[in-house]
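See structure below.
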Amino acid sequence: QVQLVESGGGLVQAGGSLRLSCAASGSIFTINTMGWYRQAPGKQRELVAVTSSGGRTNYADSVKGRFTISRDNAKNTVDLQMNSLKPDDTAVYYCKADTLIPRRTYWGQGTQVTVSS
C-alpha cells in the first residue's frame, strides 16, 4: 500500500505562482511513476505532469513552459511548481503514484487550486 498526502493548494490571482507538494509513504520502494492530475468542475480528470523514477517527464500542452514537476526519490516527494497561473488552471489537483509490483495506482485526497481573474 502507498499513501499520498498533498499540500500547497490555495487561492491566487492570475499571473501568480503556487507550489504543490505530495509526500508518499508505505510501500514506496515499489513506486514507478508519480505525477499530478487535475479535475475542474464538470470536467474529466486530466494529466498535468508526470515523472518516472528515472527522471523522464511529460507535461500537458496547456501547462508546458509554466509548470515544472520535480521529484526527490530520497524524500519520496513530488512537487509541482506552477507559475503564470490562469483562471483555467482552477481545479482540484491530485497526486498519483503507480507501482510496478503489484501493478496498482494510488491517488491522494486532492488539493484545491483557485486562480482568480
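By convention in this document, the chains of the C-alpha cells carry letters A, B, ... by their order, each chain's residues are numbered from 1, and ligands are numbered from 1 in the order they are shown.
Excluding A:Arg56 itself and same-chain residues fewer than 6 positions from it, the residues having an atom within 12 Å of it are Asn32, Thr33, Met34, Gly35, Ala49, Val50, Ile69, Ser70 and Arg71 of chain A, counting only C-alpha atoms.
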>> Using DSSP assignments from the backbone, pull out every residue in chain A that falls under strand (DSSP E or B) and give it to me as a PyMOL selection string.
In response: chain A and resi 2-7+10-13+18-26+31-39+46-51+57-59+67-72+77-82+91-99+104-107+111-116
>> I want to know what sits within 9 Å of A:Ala91, based on only C-alpha atoms, with residues of the same chain fewer than 6 positions away left out; could you give that as JSON, numbers by chain?
In response: {"A": [38, 39, 40, 41, 111, 112, 113, 114, 115]}
Restricting it to N, CA, C and O atoms, dump the selection as a PDB file, in the first residue's frame.
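Saved as out-v9.pdb:
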ATOM      1  N   ARG A  38      -5.488  16.887 -12.592  1.00  0.00           N
ATOM      2  CA  ARG A  38      -6.426  17.879 -12.064  1.00  0.00           C
ATOM      3  C   ARG A  38      -7.823  17.631 -12.625  1.00  0.00           C
ATOM      4  O   ARG A  38      -7.976  17.058 -13.704  1.00  0.00           O
ATOM      5  N   GLN A  39      -8.793  18.095 -11.862  1.00  0.00           N
ATOM      6  CA  GLN A  39     -10.182  17.952 -12.283  1.00  0.00           C
ATOM      7  C   GLN A  39     -10.932  19.231 -11.956  1.00  0.00           C
ATOM      8  O   GLN A  39     -11.062  19.595 -10.788  1.00  0.00           O
ATOM      9  N   ALA A  40     -11.402  19.882 -12.999  1.00  0.00           N
ATOM     10  CA  ALA A  40     -12.204  21.090 -12.848  1.00  0.00           C
ATOM     11  C   ALA A  40     -13.678  20.697 -12.779  1.00  0.00           C
ATOM     12  O   ALA A  40     -14.061  19.627 -13.245  1.00  0.00           O
ATOM     13  N   PRO A  41     -14.517  21.554 -12.211  1.00  0.00           N
ATOM     14  CA  PRO A  41     -15.953  21.237 -12.103  1.00  0.00           C
ATOM     15  C   PRO A  41     -16.558  20.919 -13.462  1.00  0.00           C
ATOM     16  O   PRO A  41     -16.375  21.665 -14.428  1.00  0.00           O
ATOM     17  N   THR A 111      -6.086  18.573  -3.630  1.00  0.00           N
ATOM     18  CA  THR A 111      -5.936  19.891  -3.034  1.00  0.00           C
ATOM     19  C   THR A 111      -6.484  20.930  -4.018  1.00  0.00           C
ATOM     20  O   THR A 111      -6.222  20.868  -5.217  1.00  0.00           O
ATOM     21  N   GLN A 112      -7.251  21.859  -3.503  1.00  0.00           N
ATOM     22  CA  GLN A 112      -7.917  22.844  -4.354  1.00  0.00           C
ATOM     23  C   GLN A 112      -6.968  23.967  -4.741  1.00  0.00           C
ATOM     24  O   GLN A 112      -6.276  24.541  -3.879  1.00  0.00           O
ATOM     25  N   VAL A 113      -6.954  24.281  -6.028  1.00  0.00           N
ATOM     26  CA  VAL A 113      -6.236  25.443  -6.544  1.00  0.00           C
ATOM     27  C   VAL A 113      -7.267  26.338  -7.235  1.00  0.00           C
ATOM     28  O   VAL A 113      -7.972  25.893  -8.139  1.00  0.00           O
ATOM     29  N   THR A 114      -7.348  27.573  -6.784  1.00  0.00           N
ATOM     30  CA  THR A 114      -8.279  28.533  -7.366  1.00  0.00           C
ATOM     31  C   THR A 114      -7.505  29.751  -7.832  1.00  0.00           C
ATOM     32  O   THR A 114      -6.764  30.361  -7.048  1.00  0.00           O
ATOM     33  N   VAL A 115      -7.673  30.090  -9.101  1.00  0.00           N
ATOM     34  CA  VAL A 115      -6.992  31.234  -9.691  1.00  0.00           C
ATOM     35  C   VAL A 115      -8.044  32.268 -10.058  1.00  0.00           C
ATOM     36  O   VAL A 115      -8.924  32.009 -10.886  1.00  0.00           O
TER      37      VAL A 115
END
>> I want to know what sits within 8 Å of stretch 13-21 of chain A, based on only C-alpha atoms, with residues of the same chain fewer than 2 positions away left out; could you give that as a list in words?
In response: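 Counting only the stated atoms, we get Glu6, Ser7, Gly8, Gly9, Gly10, Leu11, Ala23, Thr77, Val78, Asp79, Leu80, Gln81, Met82, Asn83, Ser84, Leu85, Lys86, Pro87, Val115, Ser116 and Ser117 of chain A.
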Writer output for current selection, N, CA, C and O atoms, as an mmCIF file, in the first residue's frame:
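Dumped everything to result_2.cif:
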data_model
loop_
_atom_site.group_PDB
_atom_site.id
_atom_site.type_symbol
_atom_site.label_atom_id
_atom_site.label_comp_id
_atom_site.auth_asym_id
_atom_site.auth_seq_id
_atom_site.Cartn_x
_atom_site.Cartn_y
_atom_site.Cartn_z
ATOM 1 N N GLU A 6 -1.165 15.399 -0.213
ATOM 2 C CA GLU A 6 -0.843 16.620 -0.944
ATOM 3 C C GLU A 6 -0.932 17.827 -0.021
ATOM 4 O O GLU A 6 -1.669 17.817 0.973
ATOM 5 N N SER A 7 -0.215 18.866 -0.387
ATOM 6 C CA SER A 7 -0.300 20.135 0.320
ATOM 7 C C SER A 7 0.058 21.248 -0.643
ATOM 8 O O SER A 7 0.657 20.996 -1.703
ATOM 9 N N GLY A 8 -0.303 22.477 -0.271
ATOM 10 C CA GLY A 8 0.146 23.627 -1.038
ATOM 11 C C GLY A 8 -0.897 24.310 -1.898
ATOM 12 O O GLY A 8 -0.593 25.318 -2.537
ATOM 13 N N GLY A 9 -2.107 23.810 -1.932
ATOM 14 C CA GLY A 9 -3.123 24.482 -2.729
ATOM 15 C C GLY A 9 -3.562 25.778 -2.095
ATOM 16 O O GLY A 9 -3.134 26.137 -0.996
ATOM 17 N N GLY A 10 -4.419 26.513 -2.800
ATOM 18 C CA GLY A 10 -4.921 27.759 -2.250
ATOM 19 C C GLY A 10 -5.486 28.658 -3.320
ATOM 20 O O GLY A 10 -5.753 28.229 -4.447
ATOM 21 N N LEU A 11 -5.668 29.916 -2.938
ATOM 22 C CA LEU A 11 -6.226 30.936 -3.825
ATOM 23 C C LEU A 11 -5.124 31.893 -4.247
ATOM 24 O O LEU A 11 -4.350 32.366 -3.396
ATOM 25 N N ALA A 23 3.666 13.926 -0.630
ATOM 26 C CA ALA A 23 4.558 13.036 0.105
ATOM 27 C C ALA A 23 3.999 11.623 0.091
ATOM 28 O O ALA A 23 2.823 11.413 0.408
ATOM 29 N N THR A 77 9.032 12.452 -2.409
ATOM 30 C CA THR A 77 8.105 13.543 -2.664
ATOM 31 C C THR A 77 8.120 13.900 -4.150
ATOM 32 O O THR A 77 9.099 13.658 -4.864
ATOM 33 N N VAL A 78 7.014 14.470 -4.588
ATOM 34 C CA VAL A 78 6.936 15.026 -5.929
ATOM 35 C C VAL A 78 6.240 16.377 -5.821
ATOM 36 O O VAL A 78 5.189 16.501 -5.192
ATOM 37 N N ASP A 79 6.873 17.396 -6.369
ATOM 38 C CA ASP A 79 6.354 18.750 -6.285
ATOM 39 C C ASP A 79 5.929 19.242 -7.658
ATOM 40 O O ASP A 79 6.434 18.781 -8.686
ATOM 41 N N LEU A 80 5.032 20.213 -7.645
ATOM 42 C CA LEU A 80 4.605 20.857 -8.881
ATOM 43 C C LEU A 80 4.688 22.364 -8.673
ATOM 44 O O LEU A 80 3.908 22.920 -7.897
ATOM 45 N N GLN A 81 5.648 22.985 -9.334
ATOM 46 C CA GLN A 81 5.778 24.439 -9.295
ATOM 47 C C GLN A 81 4.925 25.010 -10.420
ATOM 48 O O GLN A 81 5.139 24.678 -11.591
ATOM 49 N N MET A 82 3.976 25.848 -10.057
ATOM 50 C CA MET A 82 3.048 26.406 -11.030
ATOM 51 C C MET A 82 3.237 27.914 -11.100
ATOM 52 O O MET A 82 3.020 28.615 -10.107
ATOM 53 N N ASN A 83 3.665 28.396 -12.249
ATOM 54 C CA ASN A 83 3.878 29.824 -12.470
ATOM 55 C C ASN A 83 2.914 30.333 -13.528
ATOM 56 O O ASN A 83 2.327 29.560 -14.286
ATOM 57 N N SER A 84 2.775 31.644 -13.587
ATOM 58 C CA SER A 84 1.899 32.283 -14.576
ATOM 59 C C SER A 84 0.524 31.629 -14.594
ATOM 60 O O SER A 84 -0.013 31.298 -15.661
ATOM 61 N N LEU A 85 -0.038 31.460 -13.433
ATOM 62 C CA LEU A 85 -1.314 30.764 -13.326
ATOM 63 C C LEU A 85 -2.438 31.527 -14.001
ATOM 64 O O LEU A 85 -2.454 32.774 -14.014
ATOM 65 N N LYS A 86 -3.366 30.766 -14.570
ATOM 66 C CA LYS A 86 -4.512 31.325 -15.272
ATOM 67 C C LYS A 86 -5.803 30.837 -14.599
ATOM 68 O O LYS A 86 -5.804 29.775 -13.970
ATOM 69 N N PRO A 87 -6.891 31.559 -14.777
ATOM 70 C CA PRO A 87 -8.164 31.076 -14.220
ATOM 71 C C PRO A 87 -8.517 29.667 -14.687
ATOM 72 O O PRO A 87 -9.125 28.894 -13.940
ATOM 73 N N VAL A 115 -7.673 30.090 -9.101
ATOM 74 C CA VAL A 115 -6.992 31.234 -9.691
ATOM 75 C C VAL A 115 -8.044 32.268 -10.058
ATOM 76 O O VAL A 115 -8.924 32.009 -10.886
ATOM 77 N N SER A 116 -7.960 33.424 -9.435
ATOM 78 C CA SER A 116 -8.937 34.478 -9.695
ATOM 79 C C SER A 116 -8.434 35.404 -10.795
ATOM 80 O O SER A 116 -7.238 35.623 -10.943
ATOM 81 N N SER A 117 -9.374 35.945 -11.542
ATOM 82 C CA SER A 117 -9.005 36.832 -12.659
ATOM 83 C C SER A 117 -8.929 38.285 -12.217
ATOM 84 O O SER A 117 -9.280 38.635 -11.108
#
